[in-house]
Structures are given as C-alpha cells and as structure tokens.
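Asker: Pasting work04.cif below, which is mmCIF, C-alpha atoms and all ligand atoms.
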```cif
data_start
#
loop_
_atom_site.group_PDB
_atom_site.id
_atom_site.type_symbol
_atom_site.label_atom_id
_atom_site.label_comp_id
_atom_site.auth_asym_id
_atom_site.auth_seq_id
_atom_site.Cartn_x
_atom_site.Cartn_y
_atom_site.Cartn_z
ATOM 1 C CA GLN A 29 -12.289 19.830 -33.048
ATOM 2 C CA ALA A 30 -8.569 19.534 -32.383
ATOM 3 C CA LYS A 31 -8.281 17.872 -35.768
ATOM 4 C CA ALA A 32 -9.781 20.859 -37.551
ATOM 5 C CA GLU A 33 -7.108 23.127 -36.077
ATOM 6 C CA GLY A 34 -4.428 20.518 -36.468
ATOM 7 C CA GLY A 35 -1.061 21.214 -37.984
ATOM 8 C CA SER A 36 1.508 18.660 -39.033
ATOM 9 C CA CYS A 37 2.379 17.675 -35.478
ATOM 10 C CA LEU A 38 -1.037 16.094 -35.085
ATOM 11 C CA ARG A 39 -0.308 13.431 -37.675
ATOM 12 C CA ILE A 40 2.759 12.404 -35.666
ATOM 13 C CA PHE A 41 1.050 12.570 -32.305
ATOM 14 C CA GLU A 42 -2.208 10.834 -33.104
ATOM 15 C CA PRO A 43 -1.045 7.272 -33.798
ATOM 16 C CA ALA A 44 0.897 7.170 -30.515
ATOM 17 C CA MET A 45 -2.153 8.366 -28.621
ATOM 18 C CA ASN A 46 -4.374 5.809 -30.332
ATOM 19 C CA ASP A 47 -1.898 3.124 -29.374
ATOM 20 C CA ARG A 48 -2.012 4.140 -25.740
ATOM 21 C CA LEU A 49 -5.791 4.238 -25.743
ATOM 22 C CA ARG A 50 -5.997 0.847 -27.425
ATOM 23 C CA THR A 51 -3.598 -0.664 -24.883
ATOM 24 C CA ARG A 52 -5.522 0.893 -22.041
ATOM 25 C CA ARG A 53 -8.846 -0.392 -23.331
ATOM 26 C CA ALA A 54 -7.419 -3.875 -23.794
ATOM 27 C CA LEU A 55 -5.971 -3.875 -20.265
ATOM 28 C CA VAL A 56 -9.281 -2.773 -18.780
ATOM 29 C CA ALA A 57 -11.095 -5.571 -20.628
ATOM 30 C CA ASP A 58 -8.514 -8.083 -19.370
ATOM 31 C CA LEU A 59 -8.706 -6.722 -15.830
ATOM 32 C CA ARG A 60 -12.474 -7.330 -15.785
ATOM 33 C CA VAL A 61 -11.886 -11.065 -16.064
ATOM 34 C CA ALA A 62 -8.537 -11.276 -14.252
ATOM 35 C CA MET A 63 -10.054 -12.071 -10.863
ATOM 36 C CA ALA A 64 -12.265 -14.862 -12.187
ATOM 37 C CA ARG A 65 -9.266 -16.311 -14.050
ATOM 38 C CA GLN A 66 -7.208 -16.222 -10.856
ATOM 39 C CA GLU A 67 -4.521 -14.036 -12.407
ATOM 40 C CA LEU A 68 -4.225 -11.818 -9.321
ATOM 41 C CA THR A 69 -1.879 -12.901 -6.555
ATOM 42 C CA ILE A 70 -0.929 -11.348 -3.259
ATOM 43 C CA LEU A 71 2.672 -11.069 -2.121
ATOM 44 C CA PHE A 72 3.742 -10.273 1.430
ATOM 45 C CA GLN A 73 6.609 -8.018 2.492
ATOM 46 C CA PRO A 74 7.929 -8.245 6.079
ATOM 47 C CA GLN A 75 7.608 -5.274 8.426
ATOM 48 C CA VAL A 76 10.219 -5.434 11.190
ATOM 49 C CA SER A 77 10.996 -3.763 14.480
ATOM 50 C CA THR A 78 14.041 -1.536 13.860
ATOM 51 C CA ALA A 79 15.406 -2.207 17.355
ATOM 52 C CA THR A 80 15.300 -6.027 17.200
ATOM 53 C CA ARG A 81 14.787 -6.864 13.499
ATOM 54 C CA ARG A 82 11.991 -9.174 14.547
ATOM 55 C CA ILE A 83 9.131 -9.509 12.070
ATOM 56 C CA LYS A 84 6.025 -7.729 13.360
ATOM 57 C CA GLY A 85 3.858 -8.432 10.364
ATOM 58 C CA ALA A 86 3.623 -8.034 6.598
ATOM 59 C CA GLU A 87 2.148 -5.750 3.971
ATOM 60 C CA ALA A 88 0.010 -7.355 1.255
ATOM 61 C CA LEU A 89 1.028 -6.217 -2.247
ATOM 62 C CA LEU A 90 -0.969 -7.166 -5.319
ATOM 63 C CA ARG A 91 0.456 -8.567 -8.590
ATOM 64 C CA TRP A 92 -1.288 -9.331 -11.887
ATOM 65 C CA HIS A 93 0.005 -12.265 -13.905
ATOM 66 C CA HIS A 94 -1.256 -11.240 -17.334
ATOM 67 C CA PRO A 95 -1.558 -14.154 -19.795
ATOM 68 C CA THR A 96 0.476 -12.422 -22.536
ATOM 69 C CA ARG A 97 2.064 -9.336 -20.990
ATOM 70 C CA GLY A 98 3.708 -11.026 -18.002
ATOM 71 C CA VAL A 99 3.643 -9.650 -14.483
ATOM 72 C CA ILE A 100 2.017 -6.215 -14.206
ATOM 73 C CA GLY A 101 2.627 -4.114 -11.092
ATOM 74 C CA PRO A 102 -0.039 -2.331 -9.079
ATOM 75 C CA ASP A 103 1.272 1.094 -10.105
ATOM 76 C CA VAL A 104 -0.038 0.254 -13.597
ATOM 77 C CA PHE A 105 -3.313 -1.549 -12.942
ATOM 78 C CA ILE A 106 -4.569 -0.073 -9.650
ATOM 79 C CA PRO A 107 -5.212 3.323 -11.331
ATOM 80 C CA LEU A 108 -7.184 1.508 -14.083
ATOM 81 C CA ALA A 109 -9.119 -0.402 -11.431
ATOM 82 C CA GLU A 110 -9.899 2.881 -9.674
ATOM 83 C CA GLU A 111 -11.103 4.624 -12.849
ATOM 84 C CA THR A 112 -13.411 1.731 -13.751
ATOM 85 C CA GLY A 113 -14.709 0.939 -10.277
ATOM 86 C CA LEU A 114 -13.134 -2.530 -10.474
ATOM 87 C CA ILE A 115 -11.133 -1.585 -7.376
ATOM 88 C CA VAL A 116 -14.205 -2.317 -5.257
ATOM 89 C CA PRO A 117 -14.491 -6.070 -6.024
ATOM 90 C CA ILE A 118 -10.697 -6.423 -6.358
ATOM 91 C CA GLY A 119 -10.125 -4.655 -3.049
ATOM 92 C CA ALA A 120 -12.736 -6.796 -1.281
ATOM 93 C CA TRP A 121 -11.044 -9.923 -2.618
ATOM 94 C CA VAL A 122 -7.570 -8.786 -1.476
ATOM 95 C CA LEU A 123 -8.873 -8.029 2.009
ATOM 96 C CA GLU A 124 -10.558 -11.371 2.500
ATOM 97 C CA GLU A 125 -7.787 -13.424 0.886
ATOM 98 C CA ALA A 126 -4.997 -11.697 2.829
ATOM 99 C CA CYS A 127 -6.937 -11.964 6.118
ATOM 100 C CA HIS A 128 -7.283 -15.716 5.545
ATOM 101 C CA VAL A 129 -3.516 -16.011 5.112
ATOM 102 C CA ALA A 130 -2.675 -13.812 8.119
ATOM 103 C CA ARG A 131 -4.972 -15.897 10.331
ATOM 104 C CA ARG A 132 -2.136 -18.464 10.367
ATOM 105 C CA TRP A 133 0.464 -16.020 11.707
ATOM 106 C CA GLY A 134 -0.411 -16.237 15.376
ATOM 107 C CA GLY A 135 -1.156 -12.601 16.125
ATOM 108 C CA LEU A 136 1.231 -10.813 13.735
ATOM 109 C CA SER A 137 -0.157 -7.819 11.932
ATOM 110 C CA LEU A 138 -1.385 -7.666 8.331
ATOM 111 C CA ALA A 139 -1.276 -4.387 6.425
ATOM 112 C CA VAL A 140 -3.584 -4.029 3.414
ATOM 113 C CA ASN A 141 -3.489 -1.049 1.035
ATOM 114 C CA VAL A 142 -6.799 0.619 0.334
ATOM 115 C CA SER A 143 -7.571 3.336 -2.207
ATOM 116 C CA ALA A 144 -9.564 6.447 -1.419
ATOM 117 C CA HIS A 145 -12.140 5.100 -3.923
ATOM 118 C CA GLN A 146 -12.735 2.080 -1.697
ATOM 119 C CA VAL A 147 -13.002 4.071 1.511
ATOM 120 C CA ARG A 148 -15.555 6.428 -0.076
ATOM 121 C CA GLN A 149 -17.986 3.519 -0.556
ATOM 122 C CA ALA A 150 -20.593 3.438 2.219
ATOM 123 C CA SER A 151 -20.324 -0.375 2.118
ATOM 124 C CA PHE A 152 -16.604 -0.387 2.880
ATOM 125 C CA VAL A 153 -17.003 -0.908 6.636
ATOM 126 C CA ASP A 154 -19.195 -3.972 5.930
ATOM 127 C CA THR A 155 -16.580 -5.281 3.501
ATOM 128 C CA VAL A 156 -13.910 -5.074 6.216
ATOM 129 C CA GLU A 157 -16.177 -6.640 8.848
ATOM 130 C CA ARG A 158 -17.051 -9.476 6.493
ATOM 131 C CA ALA A 159 -13.377 -10.191 5.694
ATOM 132 C CA LEU A 160 -12.589 -10.345 9.420
ATOM 133 C CA ALA A 161 -15.594 -12.532 10.248
ATOM 134 C CA ARG A 162 -15.048 -14.992 7.376
ATOM 135 C CA SER A 163 -11.315 -15.335 8.006
ATOM 136 C CA GLY A 164 -11.393 -15.290 11.784
ATOM 137 C CA LEU A 165 -8.588 -12.699 11.868
ATOM 138 C CA PRO A 166 -8.881 -10.511 14.993
ATOM 139 C CA ALA A 167 -9.525 -6.849 14.096
ATOM 140 C CA ARG A 168 -6.449 -5.722 16.047
ATOM 141 C CA CYS A 169 -4.268 -7.716 13.602
ATOM 142 C CA LEU A 170 -5.508 -5.741 10.588
ATOM 143 C CA GLU A 171 -4.065 -2.417 9.533
ATOM 144 C CA LEU A 172 -5.352 -0.455 6.553
ATOM 145 C CA GLU A 173 -2.800 1.651 4.648
ATOM 146 C CA ILE A 174 -4.299 4.705 3.054
ATOM 147 C CA THR A 175 -2.299 6.744 0.550
ATOM 148 C CA GLU A 176 -4.637 9.547 -0.332
ATOM 149 C CA ALA A 177 -5.524 10.189 3.296
ATOM 150 C CA ALA A 178 -5.381 13.928 2.792
ATOM 151 C CA MET A 179 -8.189 13.823 0.246
ATOM 152 C CA LEU A 180 -10.354 11.605 2.424
ATOM 153 C CA ALA A 181 -10.066 13.788 5.490
ATOM 154 C CA ASN A 182 -11.684 16.661 3.629
ATOM 155 C CA SER A 183 -15.055 14.992 3.625
ATOM 156 C CA ALA A 184 -17.229 14.476 6.698
ATOM 157 C CA GLU A 185 -18.631 11.215 5.300
ATOM 158 C CA THR A 186 -15.263 9.577 4.810
ATOM 159 C CA LEU A 187 -14.062 10.804 8.196
ATOM 160 C CA GLY A 188 -17.114 8.997 9.573
ATOM 161 C CA ILE A 189 -16.125 5.803 7.736
ATOM 162 C CA LEU A 190 -12.568 6.061 9.079
ATOM 163 C CA SER A 191 -13.769 6.382 12.644
ATOM 164 C CA ARG A 192 -16.170 3.446 12.252
ATOM 165 C CA LEU A 193 -13.202 1.393 11.056
ATOM 166 C CA ARG A 194 -11.155 2.408 14.071
ATOM 167 C CA SER A 195 -13.992 1.523 16.418
ATOM 168 C CA LEU A 196 -14.015 -1.991 14.931
ATOM 169 C CA GLY A 197 -10.489 -2.223 16.340
ATOM 170 C CA VAL A 198 -8.772 -2.014 12.933
ATOM 171 C CA ARG A 199 -5.672 0.218 12.817
ATOM 172 C CA LEU A 200 -5.119 2.927 10.207
ATOM 173 C CA ALA A 201 -1.781 3.848 8.672
ATOM 174 C CA MET A 202 -1.043 6.922 6.593
ATOM 175 C CA ASP A 203 0.969 5.609 3.624
ATOM 176 C CA ASP A 204 3.608 7.583 1.676
ATOM 177 C CA PHE A 205 3.800 10.257 4.370
ATOM 178 C CA GLY A 206 5.455 13.414 3.106
ATOM 179 C CA THR A 207 4.429 13.064 -0.520
ATOM 180 C CA GLY A 208 1.480 15.430 -0.574
ATOM 181 C CA TYR A 209 -1.280 12.833 -0.593
ATOM 182 C CA SER A 210 -0.729 12.412 3.115
ATOM 183 C CA SER A 211 -0.271 15.596 5.029
ATOM 184 C CA LEU A 212 0.148 17.213 8.412
ATOM 185 C CA ALA A 213 -3.286 18.805 8.214
ATOM 186 C CA THR A 214 -4.818 15.337 8.010
ATOM 187 C CA LEU A 215 -3.115 14.289 11.249
ATOM 188 C CA GLN A 216 -4.737 17.224 12.934
ATOM 189 C CA ARG A 217 -8.192 16.182 11.760
ATOM 190 C CA PHE A 218 -7.979 12.472 12.353
ATOM 191 C CA ARG A 219 -6.232 9.988 14.643
ATOM 192 C CA PHE A 220 -4.028 7.593 12.651
ATOM 193 C CA ASP A 221 -2.179 4.735 14.346
ATOM 194 C CA LYS A 222 0.873 4.760 12.094
ATOM 195 C CA ILE A 223 2.819 7.022 9.766
ATOM 196 C CA LYS A 224 4.727 5.369 6.922
ATOM 197 C CA VAL A 225 7.605 7.619 5.880
ATOM 198 C CA ASP A 226 7.836 7.555 2.098
ATOM 199 C CA ARG A 227 10.756 5.740 0.470
ATOM 200 C CA SER A 228 11.938 8.969 -1.160
ATOM 201 C CA PHE A 229 13.027 10.264 2.287
ATOM 202 C CA VAL A 230 14.795 7.038 3.228
ATOM 203 C CA ARG A 231 16.747 6.710 -0.027
ATOM 204 C CA HIS A 232 19.137 9.599 0.689
ATOM 205 C CA LEU A 233 19.482 9.141 4.432
ATOM 206 C CA VAL A 234 23.107 8.187 4.728
ATOM 207 C CA HIS A 235 24.647 10.964 2.620
ATOM 208 C CA ASP A 236 22.181 13.789 2.961
ATOM 209 C CA ALA A 237 21.916 15.794 6.194
ATOM 210 C CA ARG A 238 18.666 17.358 5.013
ATOM 211 C CA ALA A 239 17.053 13.927 4.600
ATOM 212 C CA VAL A 240 18.159 13.054 8.150
ATOM 213 C CA ALA A 241 16.688 16.302 9.482
ATOM 214 C CA LEU A 242 13.353 15.573 7.798
ATOM 215 C CA LEU A 243 13.281 12.029 9.122
ATOM 216 C CA ARG A 244 14.077 13.262 12.641
ATOM 217 C CA ALA A 245 11.194 15.734 12.451
ATOM 218 C CA VAL A 246 8.724 13.076 11.318
ATOM 219 C CA ILE A 247 9.812 10.711 14.107
ATOM 220 C CA ALA A 248 9.439 13.515 16.667
ATOM 221 C CA LEU A 249 5.979 14.196 15.274
ATOM 222 C CA GLY A 250 5.054 10.521 15.582
ATOM 223 C CA SER A 251 6.231 10.317 19.154
ATOM 224 C CA ALA A 252 4.515 13.575 20.155
ATOM 225 C CA LEU A 253 1.215 12.333 18.711
ATOM 226 C CA ASP A 254 1.780 8.787 19.999
ATOM 227 C CA VAL A 255 1.724 7.404 16.452
ATOM 228 C CA THR A 256 3.970 4.501 15.378
ATOM 229 C CA THR A 257 6.543 5.365 12.693
ATOM 230 C CA ASN A 258 7.536 3.028 9.854
ATOM 231 C CA ALA A 259 10.236 3.758 7.261
ATOM 232 C CA GLU A 260 9.626 2.342 3.776
ATOM 233 C CA GLY A 261 12.239 1.260 1.255
ATOM 234 C CA VAL A 262 15.110 0.393 3.611
ATOM 235 C CA GLU A 263 17.738 -1.219 1.393
ATOM 236 C CA ASP A 264 20.995 -1.177 3.374
ATOM 237 C CA GLU A 265 22.528 -1.424 6.837
ATOM 238 C CA GLY A 266 23.573 2.242 6.823
ATOM 239 C CA GLN A 267 19.964 3.338 6.495
ATOM 240 C CA LEU A 268 18.907 0.903 9.215
ATOM 241 C CA SER A 269 21.532 2.177 11.714
ATOM 242 C CA LEU A 270 20.348 5.715 11.167
ATOM 243 C CA LEU A 271 16.721 4.713 11.693
ATOM 244 C CA GLN A 272 17.710 2.897 14.887
ATOM 245 C CA ALA A 273 19.681 5.905 16.123
ATOM 246 C CA GLU A 274 16.774 8.255 15.405
ATOM 247 C CA GLY A 275 14.254 5.982 17.119
ATOM 248 C CA CYS A 276 12.051 5.024 14.175
ATOM 249 C CA ASP A 277 9.839 2.141 15.376
ATOM 250 C CA GLU A 278 9.533 -0.032 12.282
ATOM 251 C CA ALA A 279 11.219 -0.590 8.953
ATOM 252 C CA GLN A 280 10.359 -2.312 5.729
ATOM 253 C CA GLY A 281 12.395 -2.821 2.565
ATOM 254 C CA TYR A 282 14.586 -5.068 0.460
ATOM 255 C CA LEU A 283 17.125 -5.297 3.336
ATOM 256 C CA PHE A 284 14.651 -7.486 5.227
ATOM 257 C CA GLY A 285 12.852 -9.030 2.279
ATOM 258 C CA ARG A 286 11.223 -8.312 -1.055
ATOM 259 C CA PRO A 287 7.511 -8.899 -1.444
ATOM 260 C CA MET A 288 7.218 -12.740 -1.414
ATOM 261 C CA SER A 289 4.676 -15.555 -1.497
ATOM 262 C CA ALA A 290 2.769 -16.433 1.670
ATOM 263 C CA ALA A 291 4.698 -19.723 1.873
ATOM 264 C CA ASP A 292 8.077 -17.955 1.672
ATOM 265 C CA PHE A 293 6.998 -15.393 4.262
ATOM 266 C CA GLU A 294 5.880 -18.111 6.650
ATOM 267 C CA ALA A 295 9.183 -19.953 6.178
ATOM 268 C CA GLN A 296 11.030 -16.725 7.128
ATOM 269 C CA LEU A 297 8.842 -16.361 10.192
ATOM 270 C CA GLY A 298 9.797 -19.837 11.287
ATOM 271 C CA THR A 299 13.541 -19.193 11.071
ATOM 272 C CA ARG A 300 13.852 -15.474 11.847
ATOM 273 C CA ASN A 301 11.412 -14.957 14.715
ATOM 274 C CA SER A 302 12.292 -18.137 16.573
ATOM 275 C CA SER A 303 16.075 -17.532 16.555
ATOM 276 C CA ALA A 304 16.276 -13.741 17.022
ATOM 277 C CA ALA A 305 16.298 -12.283 20.531
HETATM 278 P P1 LIG B 401 3.058 1.223 -1.207
HETATM 279 O O1 LIG B 401 1.906 0.757 -0.400
HETATM 280 O O2 LIG B 401 3.729 2.479 -0.783
HETATM 281 O O3 LIG B 401 4.054 -0.015 -1.233
HETATM 282 C C1 LIG B 401 5.449 0.092 -1.215
HETATM 283 C C2 LIG B 401 6.031 -0.187 -2.585
HETATM 284 O O4 LIG B 401 7.471 -0.104 -2.492
HETATM 285 C C3 LIG B 401 5.741 -1.585 -3.119
HETATM 286 O O5 LIG B 401 5.659 -1.472 -4.529
HETATM 287 C C4 LIG B 401 6.991 -2.373 -2.721
HETATM 288 O O6 LIG B 401 7.209 -3.518 -3.520
HETATM 289 C C5 LIG B 401 8.057 -1.314 -2.914
HETATM 290 N N1 LIG B 401 9.237 -1.550 -2.062
HETATM 291 C C6 LIG B 401 9.283 -2.118 -0.839
HETATM 292 N N2 LIG B 401 10.535 -2.115 -0.335
HETATM 293 C C7 LIG B 401 11.325 -1.515 -1.254
HETATM 294 C C8 LIG B 401 12.744 -1.207 -1.309
HETATM 295 O O7 LIG B 401 13.528 -1.492 -0.391
HETATM 296 N N3 LIG B 401 13.169 -0.559 -2.422
HETATM 297 C C9 LIG B 401 12.349 -0.228 -3.455
HETATM 298 N N4 LIG B 401 12.861 0.380 -4.521
HETATM 299 N N5 LIG B 401 11.009 -0.505 -3.438
HETATM 300 C C10 LIG B 401 10.496 -1.142 -2.350
HETATM 301 P P2 LIG B 401 4.520 -2.230 -5.358
HETATM 302 O O8 LIG B 401 4.326 -3.618 -4.797
HETATM 303 O O9 LIG B 401 4.830 -2.083 -6.802
HETATM 304 O O10 LIG B 401 3.211 -1.401 -5.019
HETATM 305 C C11 LIG B 401 3.055 -0.074 -5.466
HETATM 306 C C12 LIG B 401 1.845 0.578 -4.876
HETATM 307 O O11 LIG B 401 0.640 -0.018 -5.353
HETATM 308 C C13 LIG B 401 1.770 0.443 -3.350
HETATM 309 O O12 LIG B 401 2.605 1.421 -2.746
HETATM 310 C C14 LIG B 401 0.294 0.666 -3.098
HETATM 311 O O13 LIG B 401 0.002 2.050 -3.027
HETATM 312 C C15 LIG B 401 -0.347 0.098 -4.364
HETATM 313 N N6 LIG B 401 -0.928 -1.239 -4.078
HETATM 314 C C16 LIG B 401 -0.304 -2.437 -3.990
HETATM 315 N N7 LIG B 401 -1.178 -3.416 -3.679
HETATM 316 C C17 LIG B 401 -2.401 -2.815 -3.554
HETATM 317 C C18 LIG B 401 -3.731 -3.296 -3.218
HETATM 318 O O14 LIG B 401 -3.982 -4.474 -2.939
HETATM 319 N N8 LIG B 401 -4.732 -2.341 -3.195
HETATM 320 C C19 LIG B 401 -4.497 -1.024 -3.454
HETATM 321 N N9 LIG B 401 -5.528 -0.176 -3.416
HETATM 322 N N10 LIG B 401 -3.269 -0.548 -3.759
HETATM 323 C C20 LIG B 401 -2.227 -1.423 -3.802
HETATM 324 MG MG MG B 402 1.424 0.546 1.476
HETATM 325 MG MG MG B 403 4.171 3.672 0.626
HETATM 326 MG MG MG B 404 2.417 4.033 -2.669
#
```
Let's see the structure in the file written out as structure tokens.
Ligand code: C2E
Ligand code: MG
Ligand code: MG
Ligand code: MG

Answerer:
Amino acid sequence: QAKAEGGSCLRIFEPAMNDRLRTRRALVADLRVAMARQELTILFQPQVSTATRRIKGAEALLRWHHPTRGVIGPDVFIPLAEETGLIVPIGAWVLEEACHVARRWGGLSLAVNVSAHQVRQASFVDTVERALARSGLPARCLELEITEAAMLANSAETLGILSRLRSLGVRLAMDDFGTGYSSLATLQRFRFDKIKVDRSFVRHLVHDARAVALLRAVIALGSALDVTTNAEGVEDEGQLSLLQAEGCDEAQGYLFGRPMSAADFEAQLGTRNSSAA
C-alpha cells in the first residue's frame, strides 16, 4: 500500500528497513538457541552502603556472547526477548542461576531485574518460589527490580502478583525511578521496599543545583515512606560525597565496580568487606 503511493524517497528508505528487519529476524532466531548453547552469562555489580562503602549485595546483569557479533548488551536483546516471549524462559533461568550464585554470599542481597512481561505471567510467583527452593537462597536475600512498575500497578492482577511476591518475603525495588516508567502514583498504590534513582539524575549532581534538589526530594520521599534509596551510576567521589551528605542509603556504579563475573565479585567481597569498618 505504501509502495503504491511511494515517491523516490521510498527507494532509498526501503533497503535500510529491510536490513534492519533481516538483522532483527536473525537475532531472534539466534536468541532462541542462545540459552541452550550457553551463550548467556550473568555479571554482578556491587551495591554498597553510601555511609560505609561496604558491599551489601549485587545486581545481576545479563550479557549475550553472540558467536559472530560479539557481546550484545541487554538493552538490545531484552526488548527482542520481550516481544517474542523468550523473556519467560530466559528470565526463569537468570533467576535460578543468580540465586545459586548468591547462596554462597552468606546473607548478602541479590537484585534481579524482571520485565513487566514476566510479572504479568500468572506462573511468575511459582518461578520465583522454585528458584529460591532449588538454590536454597533465603527469600529475604532476593530483591526484584522492576522498571515498568508504573504500567504494572495499573492492573489489579499484577498488583496481586506483586503482593504475593512480597508475602514470600522477597523485596521489590522500583528501578529507574524518575524516568516515567516508575512514578509517584505507583508508590501510592503499592508498597515497594526500595527506590533506585535513575542514573540520569546522578550524572549531573556535582555541577547542577537542580539535580541536587531533585535528588534531595527523592531521598525525602524515601525516608517519609520508609523506603530504602539507591543511587545508580555513581562514577566519582564528588557524586558519592553528595549522596552521603544528602543521606542516600545505597549507591551503585563504576566507582565501586563495573558489572563483573561471580568469581571477581566474590574476590572483592573477600578483600573489601573483611577490611572495611
Ligand atoms: P538497569 O537495571 O537500570 O541497570 C543499570 C545499567 O547501568 C546496567 O546496564 C549497568 O551496567 C549500567 N551501569 C551501572 N553503573 C554504571 C555507571 O557508573 N555508569 C554508567 N554509564 N552505567 C552504569 P546494562 O548491564 O547494559 O543493563 C541495561 C538494562 O537491561 C538494565 O538496566 C535492565 O533494565 C536490563 N537488564 C539487564 N539484565 C536483565 C535481566 O536479566 N532481565 C531483564 N528483564 N532485564 C535486564
Ligand atoms: Mg536494575
Ligand atoms: Mg536502573
Ligand atoms: Mg534500566
């Protein structure tokens, strides 16, 4: 139909679009077999107490080692996994695998990202229970990070799933707070345990008074609602001092460690948490 109306621009546009579609289709086909071929790996990024710098736990972050395209980040393949439904088996695998690893950490917390698509599945609570039972990780050590919390809280069914998760003893964090997927209205409707302040607010902290004002407001909100606050994307000491001064509970970012293998994370635990006060 578009072709029939098409002018000259269509001839230029079409090949590029076909290319994108072809790439997308190829990636989806590869993603279907990626789990079986053990191309997915989980990295762990430390989450620290801002006051003491001690490691309180880690966030699991997925990577895809594609046989020809190299390492592909979750920003590229998670949306494809969501569109195709592959996020359900992939997400179940991440949960169980990461819980197994975190079982060795002696009570530290493990944060796992979950998509709205996963939480909408009626079977999601069973998936979480199974991962905990098989790994032996206590429920209080597991925290689920939800980005599109705002969309979930609009439906009574998913609110029900969220509260069943909380009654298991699992904690819930609202990821990317301030970006629109995670909103104030949602906090009114549902009790979250943690707010993760999006990296975009942390980036400008040191030089921008408006960024500081926004951060201060979010921390005040967290403390009024008795919700833990975590700042994402902390890259330098200046940002950390500000977060300490404002009373943000936790921080995460390249300053403390990039996402790393389980072995590297455990080595850091050994040195950092045993020496620090
Ligand atoms: P997110 O949960 O908000 O994770 C934080 C992202 O910021 C990660 O990107 C992390 O590597 C990056 N980051 C951490 N510290 C810094 C810093 O100091 N500076 C900068 N510039 N970046 C930092 P990553 O690993 O590419 O993950 C992107 C997103 O993909 C995540 O955002 C999360 O929403 C999603 N994701 C990752 N793993 C999974 C998963 O297993 N399941 C689902 N459903 N989503 C996942
Ligand atoms: Mg996250
Ligand atoms: Mg985030
Ligand atoms: Mg994100």

Asker: Take the PyMOL selection byres (((not hetatm)) within 7 of (chain B and resi 404)), run it mentally on this structure, and tell me the resulting residues as a VMD selection string.

Answerer: chain A and resid 175 203 to 204

Asker: Please report, as CSV, each residue of chain A lying at most 9 Å from ligand MG 402 (chain B), together with the nearest pair of atoms and the separation in Å rounded to one decimal; use only C-alpha atoms and all ligand atoms, and order rows by chain and ascending residue number.

Answerer:
```
residue,atom,partner,partner_atom,distance
A:Glu87,CA,B:MG402,MG,6.8
A:Ala88,CA,B:MG402,MG,8.0
A:Leu89,CA,B:MG402,MG,7.7
A:Ala139,CA,B:MG402,MG,7.5
A:Val140,CA,B:MG402,MG,7.1
A:Asn141,CA,B:MG402,MG,5.2
A:Val142,CA,B:MG402,MG,8.3
A:Leu172,CA,B:MG402,MG,8.5
A:Glu173,CA,B:MG402,MG,5.4
A:Ile174,CA,B:MG402,MG,7.2
A:Thr175,CA,B:MG402,MG,7.3
A:Ala201,CA,B:MG402,MG,8.5
A:Met202,CA,B:MG402,MG,8.5
A:Asp203,CA,B:MG402,MG,5.5
A:Asp204,CA,B:MG402,MG,7.4
A:Lys224,CA,B:MG402,MG,8.0
A:Glu260,CA,B:MG402,MG,8.7
```

Asker: Counting all atoms listed in the file, which residue out of A:Phe205, A:Phe229, A:Phe72, A:Phe218 sits closest to ligand MG 403 (chain B)?

Answerer: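 Of A:Phe205, A:Phe229, A:Phe72, A:Phe218, the one nearest ligand MG 403 (chain B), counting all atoms listed in the file, is A:Phe205.
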
Asker: Report as a tab-separated table (two decimals) with C-alpha atoms, in the frame of the given file the full result of the PyMOL selection byres (((chain A and resi 136) around 6) and not hetatm) when it is applied to this structure.

Answerer:
```tsv
chain	number	residue	atom	x	y	z
A	84	LYS	CA	6.02	-7.73	13.36
A	85	GLY	CA	3.86	-8.43	10.36
A	133	TRP	CA	0.46	-16.02	11.71
A	134	GLY	CA	-0.41	-16.24	15.38
A	135	GLY	CA	-1.16	-12.60	16.12
A	137	SER	CA	-0.16	-7.82	11.93
```

Asker: Once 6 Å is added on each side, what centre and edge lengths in Å to one decimal does the axis-aligned box around all listed atoms of ligand LIG 401 (chain B) have, as JSON?

Answerer:
```
{"center_x": 4.0, "center_y": -1.0, "center_z": -3.6, "size_x": 31.1, "size_y": 19.0, "size_z": 18.5}
```
